[in-house]
$ cat data_28.cif   # mmCIF, C-alpha atoms
data_upload
#
loop_
_atom_site.label_atom_id
_atom_site.label_comp_id
_atom_site.auth_asym_id
_atom_site.auth_seq_id
_atom_site.Cartn_x
_atom_site.Cartn_y
_atom_site.Cartn_z
CA GLY A 9 80.76 102.63 116.29
CA GLY A 10 77.36 103.43 117.84
CA THR A 11 74.70 105.53 116.17
CA HIS A 12 76.25 108.84 117.22
CA GLN A 13 79.84 107.72 117.78
CA LEU A 14 83.03 107.94 115.78
CA VAL A 15 85.65 105.28 116.38
CA LEU A 16 89.08 106.04 114.92
CA GLY A 17 92.25 103.98 115.00
CA THR A 18 95.42 105.81 116.04
CA THR A 19 99.01 104.90 116.88
CA ALA A 20 98.08 105.01 120.60
CA GLY A 21 94.77 103.15 120.54
CA LEU A 22 91.13 103.83 119.75
CA LEU A 23 89.90 107.41 119.68
CA GLN A 24 86.17 107.51 120.44
CA GLY A 25 83.54 110.18 120.84
CA PRO A 26 80.38 111.77 119.44
CA VAL A 27 80.40 113.20 115.95
CA GLY A 28 82.07 116.60 116.24
CA GLY A 29 83.89 115.65 119.48
CA PRO A 30 85.12 115.67 122.14
CA TYR A 31 87.09 112.45 121.70
CA VAL A 32 88.56 110.17 124.35
CA LEU A 33 91.53 107.87 123.86
CA SER A 34 90.77 104.36 125.08
CA SER A 35 93.08 102.53 127.44
CA LEU A 36 94.51 100.42 124.61
CA ALA A 37 98.25 101.03 124.47
CA GLU A 38 98.44 99.56 120.97
CA GLU A 39 98.75 101.01 117.50
CA ILE A 40 95.45 100.22 115.77
CA MET A 41 96.08 98.76 112.33
CA GLY A 42 92.44 98.51 111.21
CA ILE A 43 88.75 98.75 112.11
CA GLN A 44 85.91 96.87 110.40
CA SER A 45 82.20 97.49 110.96
CA ASN A 46 79.15 95.73 109.56
CA GLY A 47 75.54 95.17 110.59
CA ILE A 48 76.65 92.82 113.37
CA GLY A 49 79.23 95.00 115.07
CA THR A 50 82.74 96.42 115.03
CA VAL A 51 86.16 94.86 115.48
CA ALA A 52 89.57 96.51 115.71
CA TRP A 53 93.03 95.01 115.54
CA SER A 54 96.65 95.83 116.21
CA LYS A 55 99.72 93.87 115.10
CA HIS A 56 99.16 91.38 117.93
CA GLN A 57 95.59 91.70 119.30
CA ILE A 58 91.93 91.82 118.23
CA TRP A 59 89.09 93.58 120.06
CA LYS A 60 85.33 93.44 119.68
CA LEU A 61 83.50 96.66 120.51
CA ASP A 62 80.62 96.00 122.91
CA GLN A 63 78.54 99.19 123.26
CA ASP A 64 81.66 101.02 122.04
CA VAL A 65 83.76 99.44 124.82
CA PRO A 66 86.71 97.37 123.50
CA VAL A 67 86.62 93.74 124.66
CA LEU A 68 89.78 91.73 124.03
CA ILE A 69 89.51 88.52 122.01
CA PRO A 70 92.38 86.70 123.67
CA ASP A 71 95.61 85.26 122.32
CA PRO A 72 95.39 85.08 118.52
CA PRO A 73 98.20 82.65 117.45
CA PHE A 74 99.03 84.87 114.47
CA ASN A 75 99.59 88.52 113.59
CA PRO A 76 96.20 89.84 112.41
CA THR A 77 95.92 91.87 109.21
CA ALA A 78 92.09 91.88 108.91
CA ALA A 79 89.06 90.86 110.95
CA ILE A 80 85.28 90.82 110.73
CA LEU A 81 82.32 89.83 112.91
CA ALA A 82 79.91 87.15 111.67
CA PRO A 83 76.87 85.57 113.37
CA GLU A 84 78.93 82.47 114.15
CA GLY A 85 82.00 84.24 115.53
CA VAL A 86 85.01 86.29 114.41
CA TYR A 87 87.04 85.69 111.26
CA ALA A 88 90.54 87.09 110.93
CA GLY A 89 93.32 87.07 108.35
CA SER A 90 97.07 86.83 108.80
CA GLY A 91 100.18 88.08 107.07
CA GLU A 92 100.82 84.60 105.70
CA GLY A 93 97.53 84.40 103.81
CA MET A 94 95.80 82.24 106.42
CA VAL A 95 92.21 82.73 107.59
CA TRP A 96 91.36 82.02 111.24
CA PHE A 97 88.06 81.63 113.10
CA TRP A 98 87.22 82.37 116.74
CA ASP A 99 84.16 80.95 118.52
CA GLY A 100 85.59 80.98 122.03
CA SER A 101 88.94 79.63 120.84
CA TRP A 102 90.99 80.10 117.70
CA HIS A 103 90.97 77.66 114.75
CA SER A 104 92.97 77.79 111.52
CA CYS A 105 90.46 77.25 108.74
CA GLY A 106 91.92 78.06 105.35
CA THR A 107 94.87 79.43 103.36
CA ILE A 108 94.99 81.39 100.13
CA PRO A 109 98.35 80.73 98.40
CA PRO A 110 100.20 83.81 97.11
CA ASP A 111 100.26 84.79 93.47
CA GLN A 112 103.74 84.55 91.94
CA SER A 113 103.44 87.30 89.33
CA GLN A 114 104.56 90.94 89.34
CA GLY A 115 106.23 90.72 92.74
CA ALA A 116 102.91 89.81 94.38
CA SER A 117 104.40 86.78 96.16
CA ARG A 118 105.96 89.29 98.56
CA PHE A 119 102.48 90.39 99.68
CA PRO A 120 100.51 87.26 100.70
CA GLU A 121 98.66 88.91 103.61
CA ILE A 122 94.87 89.04 103.88
CA ARG A 123 93.98 92.71 103.46
CA SER A 124 90.22 92.55 103.96
CA LEU A 125 87.37 90.19 104.87
CA GLY A 126 83.66 90.39 104.07
CA SER A 127 80.71 88.38 105.37
CA ASN A 128 77.11 88.28 104.18
CA GLU A 129 74.35 85.67 103.88
CA GLY A 130 76.57 82.73 104.84
CA LYS A 131 79.37 83.80 102.49
CA LEU A 132 82.88 84.66 103.64
CA TRP A 133 85.05 86.75 101.35
CA ALA A 134 88.82 87.03 101.72
CA LEU A 135 90.89 89.54 99.79
CA PRO A 136 94.67 89.03 99.80
CA ALA A 137 96.97 91.93 99.03
CA TRP A 138 97.78 90.62 95.56
CA GLY A 139 94.15 90.54 94.36
CA GLY A 140 90.86 88.75 94.72
CA PRO A 141 88.44 88.26 96.34
CA PHE A 142 88.08 84.58 97.19
CA LEU A 143 84.75 83.10 98.31
CA SER A 144 84.05 80.46 100.95
CA GLU A 145 80.62 78.99 101.54
CA ASP A 146 81.77 76.34 104.06
CA HIS A 147 83.04 78.51 106.94
CA CYS A 148 86.47 79.02 105.29
CA GLN A 149 87.34 75.36 104.87
CA SER A 150 87.79 75.99 101.14
CA PHE A 151 87.89 79.05 98.88
CA MET A 152 86.80 79.67 95.29
CA ASP A 153 88.64 82.15 93.08
CA ARG A 154 86.39 85.13 92.27
CA ARG A 155 89.21 87.46 91.29
CA SER A 156 88.25 90.93 90.08
CA PRO A 157 90.07 92.81 87.29
CA MET A 158 91.40 95.20 89.97
CA THR A 159 94.70 93.33 90.39
CA PRO A 160 97.32 95.63 91.90
CA THR A 161 100.72 96.01 90.31
CA TYR A 162 103.62 95.64 92.72
CA MET A 163 107.24 96.69 92.50
CA GLY A 164 108.97 98.20 89.51
CA GLU A 165 108.19 101.56 87.96
CA GLY A 166 104.64 102.69 88.65
CA GLY A 167 103.83 99.82 91.03
CA ALA A 168 102.64 99.73 94.64
CA SER A 169 105.32 99.27 97.29
CA SER A 170 103.14 97.98 100.16
CA ALA A 171 100.02 95.92 100.76
CA GLU A 172 98.24 99.04 102.07
CA GLU A 173 98.85 100.75 98.73
CA GLY A 174 97.91 97.69 96.70
CA ILE A 175 94.44 97.13 98.25
CA SER A 176 92.69 100.01 100.00
CA GLY A 177 89.02 99.02 100.13
CA PHE A 178 86.57 96.13 99.87
CA GLN A 179 82.85 95.76 100.46
CA ALA A 180 80.64 92.68 100.11
CA GLY A 181 76.86 92.67 99.74
CA GLU A 182 74.42 92.85 96.85
CA ARG A 183 77.45 94.17 94.96
CA LEU A 184 81.16 93.63 95.47
CA ILE A 185 83.56 96.58 95.36
CA VAL A 186 87.36 96.30 95.28
CA GLY A 187 89.62 99.36 95.22
CA GLY A 188 93.34 99.86 95.21
CA TRP A 189 96.43 100.80 93.25
CA ASN A 190 94.93 100.11 89.83
CA GLY A 191 91.52 101.73 90.41
CA VAL A 192 88.10 100.34 91.30
CA ALA A 193 86.15 97.26 90.19
CA ALA A 194 82.50 96.36 90.87
CA GLY A 195 81.04 92.86 90.73
CA ASP A 196 77.75 91.09 91.25
CA SER A 197 77.00 89.36 94.57
CA THR A 198 78.56 86.10 93.39
CA GLY A 199 81.81 87.62 92.14
CA GLU A 200 81.39 85.88 88.79
CA THR A 201 80.84 89.09 86.77
CA TRP A 202 83.02 92.19 87.13
CA GLN A 203 83.44 95.64 85.62
CA HIS A 204 86.66 97.63 85.93
CA GLY A 205 85.75 101.22 86.72
CA TRP A 206 87.14 104.58 85.77
CA LEU A 207 90.76 105.00 86.87
CA LEU A 208 91.55 107.97 89.04
CA GLY A 209 94.17 110.44 87.87
CA SER A 210 97.04 108.35 89.17
CA GLY A 211 95.13 105.08 89.19
CA TYR A 212 95.76 104.99 92.95
CA THR A 213 92.60 104.72 95.06
CA ARG A 214 93.71 105.51 98.61
CA GLY A 215 90.39 105.05 100.36
CA ILE A 216 86.78 104.11 99.67
CA GLY A 217 83.90 105.46 101.72
CA PHE A 218 80.55 103.64 101.63
CA ALA A 219 77.31 105.29 102.66
CA THR A 220 76.05 103.98 106.00
CA ASP A 221 73.00 102.52 104.23
CA TRP A 222 75.00 101.06 101.32
CA PRO A 223 74.01 99.39 98.99
CA ALA A 224 70.56 101.01 99.21
CA ASN A 225 72.52 104.24 98.74
CA PRO A 226 74.84 103.15 95.91
CA PHE A 227 77.24 106.08 95.81
CA LEU A 228 80.92 105.57 96.59
CA TYR A 229 83.29 108.25 97.84
CA LEU A 230 86.85 107.75 96.62
CA GLY A 231 89.98 109.24 98.12
CA SER A 232 93.02 109.35 95.91
CA LEU A 233 96.55 110.56 95.44
CA GLY A 234 96.41 113.83 93.51
CA ALA A 235 92.68 113.66 92.71
CA GLY A 236 91.18 114.35 96.14
CA VAL A 237 87.71 113.11 97.10
CA LEU A 238 85.34 112.12 94.32
CA ARG A 239 81.76 110.86 94.42
CA THR A 240 80.81 108.25 91.89
CA LEU A 241 77.64 107.91 89.89
CA GLU A 242 75.21 105.23 91.03
CA ASP A 243 77.15 102.54 89.18
CA GLY A 244 80.02 103.05 91.63
CA LEU A 245 82.44 103.09 88.71
CA HIS A 246 82.47 106.57 87.19
CA PRO A 247 82.94 109.98 88.86
CA GLU A 248 80.15 112.49 89.17
CA PRO A 249 81.40 115.67 87.46
CA GLY A 250 81.94 118.68 89.68
CA VAL A 251 81.57 116.86 93.02
CA GLY A 252 84.44 116.59 95.49
CA LEU A 253 87.87 117.98 96.23
CA VAL A 254 90.51 118.13 93.53
CA ASP A 255 94.31 118.08 93.45
CA THR A 256 94.68 116.91 97.04
CA ASN A 257 96.30 113.90 98.71
CA THR A 258 93.43 112.09 100.45
CA GLN A 259 94.21 109.11 102.70
CA GLY A 260 90.69 108.17 103.82
CA VAL A 261 87.00 108.98 103.32
CA PHE A 262 84.34 108.50 106.02
CA PRO A 263 80.64 109.16 105.24
CA THR A 264 78.19 109.45 108.13
CA SER A 265 74.49 108.68 108.57
CA ASN A 266 73.86 112.35 107.76
CA PRO A 267 74.14 112.57 103.94
CA ASP A 268 75.29 116.20 104.22
CA VAL A 269 78.25 115.40 106.50
CA MET A 270 81.41 113.55 105.55
CA TYR A 271 84.89 113.35 107.00
CA ALA A 272 88.16 112.84 105.14
CA VAL A 273 91.85 112.67 105.97
CA VAL A 274 93.53 115.11 103.60
CA GLY A 275 97.28 115.54 103.71
CA HIS A 276 97.29 113.65 107.05
CA LEU A 277 94.83 116.15 108.61
CA PRO A 278 91.11 115.59 109.32
CA GLN A 279 88.62 117.56 107.23
CA LYS A 280 84.84 117.86 107.47
CA SER A 281 82.39 118.55 104.67
#
$ encode --input "data_28.cif" --output "structure tokens"
Amino acid sequence: GGTHQLVLGTTAGLLQGPVGGPYVLSSLAEEIMGIQSNGIGTVAWSKHQIWKLDQDVPVLIPDPPFNPTAAILAPEGVYAGSGEGMVWFWDGSWHSCGTIPPDQSQGASRFPEIRSLGSNEGKLWALPAWGGPFLSEDHCQSFMDRRSPMTPTYMGEGGASSAEEGISGFQAGERLIVGGWNGVAAGDSTGETWQHGWLLGSGYTRGIGFATDWPANPFLYLGSLGAGVLRTLEDGLHPEPGVGLVDTNTQGVFPTSNPDVMYAVVGHLPQKS
């Protein structure tokens, strides 16, 4: 949201307000499935609609011919992903512009949806639920496989049971970060070189928080099942000893522009540090 605003997605719409409250529920009578912010702006989406936030006011991007699962603003327009692995582009009207076929291994073919999108310096990154990311340098007409070692395991004993569990975080920039069921991986800006980071206690990364000035501030804040909130060392791959909550079920981590203030959802309740 804006400099001093929090924008949260809820089952009833967008909850907006200054840091510390009070918060106002927007007029959107839709369950918000996701919010994505970058240096250009913020978009939010439900199962059927996409909004662009203009001065923190939701503006509807009309009639997507698909069910959105991810979205991101770019200088040229809005990119969005669907549950079928398709990438769409809006520049006043919607255009289908690329498909990433599902992986057939480890039950992943059941999870073809695009979980996250990233955009920087003319590059578009798409991360399907079964692993990735994939890189397009021609406005999503074609994609190159830049798959990280953080490939989630689906189904069976010890595997993720949903796309939300499989992939929980992605960030594109001078470095690439992918987090999910099998831990965290960090790559260079091209996605050609990757390192698989330290696995959390359960190997299940439930949320990744990036500093508002990331990657200049390289620390990551990881929320996990049974390991709480952890801050990584500067490599973004290994935990800093003695920092963070422990033995808690953390669904999300939300750093602010104040380095001494951070929010987290712990056991389905908001917490402030």
$ atom_distance --input "data_28.cif" --atom1 "CA of Gly181 (chain A)" --atom2 "CA of His147 (chain A)"
17.0 Å
$ closest_residue --input "data_28.cif" --among "A:Tyr162, A:His103, A:Ile175, A:Gln149" --to "Pro136 (chain A)" --atoms "all atoms listed in the file"
A:Ile175
$ closest_residue --input "data_28.cif" --among "A:Gly42, A:Pro109, A:Gly47, A:Gly139" --to "Pro76 (chain A)" --atoms "only C-alpha atoms"
A:Gly42
$ resolve_selection --input "data_28.cif" --expression "the PyMOL selection byres ((chain A and resi 200) around 10)" --output "VMD selection string"
chain A and resid 153 to 156 195 to 199 201 to 202
$ write_last_selection --input "data_28.cif" --atoms "C-alpha atoms" --output "PDB file, keeping the file's coordinate frame"
ATOM      1  CA  ASP A 153      88.640  82.150  93.080  1.00  0.00           C
ATOM      2  CA  ARG A 154      86.390  85.130  92.270  1.00  0.00           C
ATOM      3  CA  ARG A 155      89.210  87.460  91.290  1.00  0.00           C
ATOM      4  CA  SER A 156      88.250  90.930  90.080  1.00  0.00           C
ATOM      5  CA  GLY A 195      81.040  92.860  90.730  1.00  0.00           C
ATOM      6  CA  ASP A 196      77.750  91.090  91.250  1.00  0.00           C
ATOM      7  CA  SER A 197      77.000  89.360  94.570  1.00  0.00           C
ATOM      8  CA  THR A 198      78.560  86.100  93.390  1.00  0.00           C
ATOM      9  CA  GLY A 199      81.810  87.620  92.140  1.00  0.00           C
ATOM     10  CA  THR A 201      80.840  89.090  86.770  1.00  0.00           C
ATOM     11  CA  TRP A 202      83.020  92.190  87.130  1.00  0.00           C
TER      12      TRP A 202
END
$ closest_residue --input "data_28.cif" --among "A:Ser176, A:Ser101, A:Asn190, A:Asn46" --to "Thr161 (chain A)" --atoms "all atoms listed in the file"
A:Asn190
$ atom_distance --input "data_28.cif" --atom1 "CA of Ile69 (chain A)" --atom2 "CA of Phe97 (chain A)"
11.4 Å
$ atom_distance --input "data_28.cif" --atom1 "CA of Asn75 (chain A)" --atom2 "CA of Trp133 (chain A)"
19.1 Å
$ resolve_selection --input "data_28.cif" --expression "the PyMOL selection byres ((chain A and resi 180) around 8)" --output "PyMOL selection string"
chain A and resi 126-128+133+178-179+181-185+197
$ residues_around --input "data_28.cif" --residues "Ile48 (chain A)" --least-positions-apart "6" --cutoff "12 Å" --atoms "all atoms listed in the file" --output "VMD selection string"
chain A and resid 9 to 10 60 to 63 80 to 86 126 to 128
$ write_last_selection --input "data_28.cif" --atoms "C-alpha atoms" --output "tab-separated table (two decimals), in the frame of the given file"
chain	number	residue	atom	x	y	z
A	9	GLY	CA	80.76	102.63	116.29
A	10	GLY	CA	77.36	103.43	117.84
A	60	LYS	CA	85.33	93.44	119.68
A	61	LEU	CA	83.50	96.66	120.51
A	62	ASP	CA	80.62	96.00	122.91
A	63	GLN	CA	78.54	99.19	123.26
A	80	ILE	CA	85.28	90.82	110.73
A	81	LEU	CA	82.32	89.83	112.91
A	82	ALA	CA	79.91	87.15	111.67
A	83	PRO	CA	76.87	85.57	113.37
A	84	GLU	CA	78.93	82.47	114.15
A	85	GLY	CA	82.00	84.24	115.53
A	86	VAL	CA	85.01	86.29	114.41
A	126	GLY	CA	83.66	90.39	104.07
A	127	SER	CA	80.71	88.38	105.37
A	128	ASN	CA	77.11	88.28	104.18
$ closest_residue --input "data_28.cif" --among "A:Ala79, A:Glu172, A:Pro141, A:Thr50" --to "Val67 (chain A)" --atoms "all atoms listed in the file"
A:Thr50
$ closest_residue --input "data_28.cif" --among "A:Cys105, A:Ala171, A:Met94, A:Leu135" --to "Trp189 (chain A)" --atoms "only C-alpha atoms"
A:Ala171
$ closest_residue --input "data_28.cif" --among "A:Ile58, A:Val51, A:Ala134, A:Val186" --to "Glu38 (chain A)" --atoms "only C-alpha atoms"
A:Ile58
$ residues_near_point --input "data_28.cif" --point "(98.3, 90.2, 116.9)" --cutoff "12 Å" --atoms "only C-alpha atoms" --output "PDB file with C-alpha atoms, keeping the file's coordinate frame"
ATOM      1  CA  GLU A  38      98.440  99.560 120.970  1.00  0.00           C
ATOM      2  CA  GLU A  39      98.750 101.010 117.500  1.00  0.00           C
ATOM      3  CA  ILE A  40      95.450 100.220 115.770  1.00  0.00           C
ATOM      4  CA  MET A  41      96.080  98.760 112.330  1.00  0.00           C
ATOM      5  CA  GLY A  42      92.440  98.510 111.210  1.00  0.00           C
ATOM      6  CA  ALA A  52      89.570  96.510 115.710  1.00  0.00           C
ATOM      7  CA  TRP A  53      93.030  95.010 115.540  1.00  0.00           C
ATOM      8  CA  SER A  54      96.650  95.830 116.210  1.00  0.00           C
ATOM      9  CA  LYS A  55      99.720  93.870 115.100  1.00  0.00           C
ATOM     10  CA  HIS A  56      99.160  91.380 117.930  1.00  0.00           C
ATOM     11  CA  GLN A  57      95.590  91.700 119.300  1.00  0.00           C
ATOM     12  CA  ILE A  58      91.930  91.820 118.230  1.00  0.00           C
ATOM     13  CA  TRP A  59      89.090  93.580 120.060  1.00  0.00           C
ATOM     14  CA  LEU A  68      89.780  91.730 124.030  1.00  0.00           C
ATOM     15  CA  ILE A  69      89.510  88.520 122.010  1.00  0.00           C
ATOM     16  CA  PRO A  70      92.380  86.700 123.670  1.00  0.00           C
ATOM     17  CA  ASP A  71      95.610  85.260 122.320  1.00  0.00           C
ATOM     18  CA  PRO A  72      95.390  85.080 118.520  1.00  0.00           C
ATOM     19  CA  PRO A  73      98.200  82.650 117.450  1.00  0.00           C
ATOM     20  CA  PHE A  74      99.030  84.870 114.470  1.00  0.00           C
ATOM     21  CA  ASN A  75      99.590  88.520 113.590  1.00  0.00           C
ATOM     22  CA  PRO A  76      96.200  89.840 112.410  1.00  0.00           C
ATOM     23  CA  THR A  77      95.920  91.870 109.210  1.00  0.00           C
ATOM     24  CA  ALA A  78      92.090  91.880 108.910  1.00  0.00           C
ATOM     25  CA  ALA A  79      89.060  90.860 110.950  1.00  0.00           C
ATOM     26  CA  ALA A  88      90.540  87.090 110.930  1.00  0.00           C
ATOM     27  CA  GLY A  89      93.320  87.070 108.350  1.00  0.00           C
ATOM     28  CA  SER A  90      97.070  86.830 108.800  1.00  0.00           C
ATOM     29  CA  GLY A  91     100.180  88.080 107.070  1.00  0.00           C
TER      30      GLY A  91
END
